[in-house]
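Engineer: Pasting in a structure now, in structure tokens, and then I'll have a few things to ask.
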Amino acid sequence: MPGVVLAHAVSVRSDLPAPLGVVLVAAALALGVSFVALGALWRTSRLRGNSAGRALPTGLERAIDNPLLRGGLRALVLTVSAFVVLVALVGPSESAFSIAPYAFYVTFWVGIVPVSLLLGPVWRIVNPLRTLYSGLARITGPAPGQDGLPRLGLWPATGFLLAYAWLELVYPDRAVPRTLGVLLVAYVIVQLVAALWYGPGWFASGDCFEAYSTLLARLSPLGRRADGRLAVRSPLDGADGTPAVPGLAAFVTALIGTTAFDGVSRATWYQSSSTSDPATVTIFALVTVALVAALYAAATALSGRITRTTDTPNRYAHSLIPIVAGYAIAHYFSLLVFEGQLTWILASNPFARDGVDYFGTYADVVNLTAVSAGAIAAVQIGAIVIGHVAGVVLAHDRAVRLGTSARTARRSQYPLLAVMVAFTTGGLTLLLG
């Protein structure tokens with residue numbers, strides 16, 4: 001069963017719908033035109049955050065919130081997760097024959113993006129860590145440190161996200177099933193110990209996967225209003241309602257920075273000039289993340305000086321959420337379409353035993369014609385450009401709300417626009433150049 005975990009099946013430059021230079025200019029112009037149009041037509045704040053949305057019919061809302069349905073989903077996800085860890089620990093030792101690396105790195109990590117964007121914070125509902133904690137908490141009793149949790153915000157999740165990115169993008173043995181299994185068990189233990197101290201709210205602050213899903217779910221058309229009702233809403237309203245908790249800006253810039261490093265590491269010039277030494281690669285990855293964070297921090301600092309507001313990194317961090325989503329779709333769409341097939345192929349014989357083929361798919365091979373290279377390029381371009389345009393809209397609406405005048409609000413957006421143009425052209429160049 002041939003396969004290379006975490007290989008990108010991206011299109012080459014000749015597959016683009018236009019020359020790369022034309023694509024970059026068009027993308028930059030799209031942001032510029034959007035900015036000018038917003039300045040002329042969007043003079044007052046129009047987004048309503050968590051107060052927006054049309055409530056679902058009561059019957060449908062009750063069916064979605066049904067405890068039996070949610071309990072069944074949690075039990076199913078816990079069972080599947082435990083099975084994947086078991087296969088990693090005692091199943092095939094070669095990654096090409098083990099379902100664990102594909103299930104974790106591809107189906108879960110990449111698949112959580114479309115699921116969260118479409119259905120909302122699903123992982124928060126079915127998170128197996130929460131299921132395990134609910135059982136342990138009955139024995140251990142109240143959490144002694146829960147009063148200190150609000151001060152942590154998303155800082156713990158940022159640290160775990162960087163650790164996961166190092167595992168996925170730097171660590172040489174990341175696809176070795178036994179190694180992956182041990183690391184997953186260690187992650188579960190650390191998360192549960194922290195939750196027993198801080199309470200169930202820890203997972204929103206410390207589990208990087210739940211935090212990632214919840215952040216992306218802000219763009220879902222399905223969300224909770226401030227009154228608790230489940231409603232259909234504009235994704236922009238959902239993003240505008242993102243609470244500015246401590247560490248929010250750090251978390252979103254870490255997401256963008258690690259994804260950007262993934263693109264850098266796939267570039268021909270990097271592969272031909274870099275070393276495979278993990279220490280060197282780690283430094284390069286940290287520099288990439290730091291550069292993204294520094295650009296964003298500088299832009300928001302300038303914007304804050306113009307509008308005379310403070311805490312601008314967190315105030316505008318919500319505008320990066322559609323950029324995070326666009327980068328994730330652009331980078332990993334082809335990975336999910338192609339290598340995601342291996343999860344279902346290997347599920348037919350998870351322990352690689354002779355004569356076993358539960359679903360009749362074990363002899364299948366990856367269908368490399370499922371999506372054309374041109375279609376992949378179109379998705380990449382569209383995801384990045386649409387994500388950045390949405391980011392410009394979110395930042396502009398927030399600036400209008402904070403600024404003393406329409407002119408001041410427009411001036412305050414120049415630094416953020418410059419950074420978003422840089423992110424757009426840089427992201428497209430890394431993917432398609």
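Chain lettering (A, B, ...) mirrors the order of the structure tokens, residue numbering begins at 1 for each chain separately, and ligand numbering begins at 1 in order of display.
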If we count only C-alpha atoms, what is near Ala297 (chain A) at a cut-off of 9 Å, once residues fewer than 5 positions away on the same chain are taken out, given as a short mmCIF file (atom, residue, chain, number, x, y, z; two decimals) with all heavy atoms, in the first residue's frame?
Structural biologist:
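File produced: selection_18.cif:
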data_model
loop_
_atom_site.label_atom_id
_atom_site.label_comp_id
_atom_site.auth_asym_id
_atom_site.auth_seq_id
_atom_site.Cartn_x
_atom_site.Cartn_y
_atom_site.Cartn_z
N ALA A 249 -4.93 36.69 19.66
CA ALA A 249 -4.06 37.11 18.56
C ALA A 249 -2.89 36.16 18.39
O ALA A 249 -2.50 35.84 17.26
CB ALA A 249 -3.56 38.53 18.79
N VAL A 292 5.32 36.39 11.00
CA VAL A 292 3.89 36.63 10.81
C VAL A 292 3.32 37.42 11.99
O VAL A 292 2.59 38.40 11.81
CB VAL A 292 3.14 35.30 10.63
CG1 VAL A 292 1.63 35.51 10.68
CG2 VAL A 292 3.53 34.64 9.32
N LEU A 302 0.12 50.34 14.78
CA LEU A 302 -0.06 51.58 14.02
C LEU A 302 -1.53 51.96 13.93
O LEU A 302 -1.89 53.14 14.07
CB LEU A 302 0.53 51.41 12.62
CG LEU A 302 2.05 51.36 12.52
CD1 LEU A 302 2.48 51.03 11.10
CD2 LEU A 302 2.66 52.69 12.97
N THR A 312 -5.04 46.52 20.53
CA THR A 312 -5.46 46.33 19.14
C THR A 312 -5.17 44.94 18.58
O THR A 312 -5.93 44.48 17.72
CB THR A 312 -4.81 47.40 18.23
OG1 THR A 312 -3.41 47.48 18.53
CG2 THR A 312 -5.47 48.74 18.44
N PRO A 313 -4.10 44.23 18.99
CA PRO A 313 -3.93 42.88 18.44
C PRO A 313 -5.13 41.98 18.68
O PRO A 313 -5.59 41.28 17.77
CB PRO A 313 -2.68 42.37 19.16
CG PRO A 313 -1.90 43.60 19.47
CD PRO A 313 -2.93 44.62 19.80
#
Engineer: Distance CA of Gly228 (chain A)-CA of Ser51 (chain A), one decimal place?
Structural biologist: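 Atom-to-atom, CA of Gly228 (chain A) and CA of Ser51 (chain A) are spaced 9.9 Å apart.
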Engineer: Taking only C-alpha atoms into account, name the residue in A:Val113, A:Ala363, A:Val264, A:Leu286 that is nearest to Ala347 (chain A).
Structural biologist: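 Smallest distance to Ala347 (chain A) is found for A:Ala363.
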Engineer: Could you jot down the CA of Gly181 (chain A) to CA of Ala330 (chain A) separation for me, Å, one decimal place?
Structural biologist: 28.3 Å
Engineer: If we count only C-alpha atoms, what is near Leu184 (chain A) at a cut-off of 8 Å, once residues fewer than 4 positions away on the same chain are taken out, given as a PDB file with C-alpha atoms, in the first residue's frame?
Structural biologist:
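Result file out05.pdb:
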ATOM      1  CA  VAL A  85      -4.631   4.905  19.269  1.00  0.00           C
ATOM      2  CA  LEU A 180       2.322   8.724  17.211  1.00  0.00           C
ATOM      3  CA  VAL A 188      -4.442  12.836  26.667  1.00  0.00           C
TER       4      VAL A 188
END
Engineer: Per residue of region 51-113 of chain A within 12 Å of region 153-170 of chain A, note the shortest atom pair and the distance in Å to one decimal, counting only C-alpha atoms, and order the rows by chain and increasing residue number, as CSV.
Structural biologist:
residue,atom,partner,partner_atom,distance
A:Pro101,CA,A:Glu168,CA,10.3
A:Tyr102,CA,A:Glu168,CA,12.0
A:Phe104,CA,A:Glu168,CA,10.4
A:Tyr105,CA,A:Glu168,CA,7.7
A:Val106,CA,A:Glu168,CA,10.8
A:Trp109,CA,A:Glu168,CA,10.3
Engineer: Just want the 8 Å neighbourhood of region 72-83 of chain A, counted on only C-alpha atoms, with same-chain residues fewer than 2 positions away dropped. Output as a PyMOL selection string.
Structural biologist: chain A and resi 68-70+85-87+125-128+131
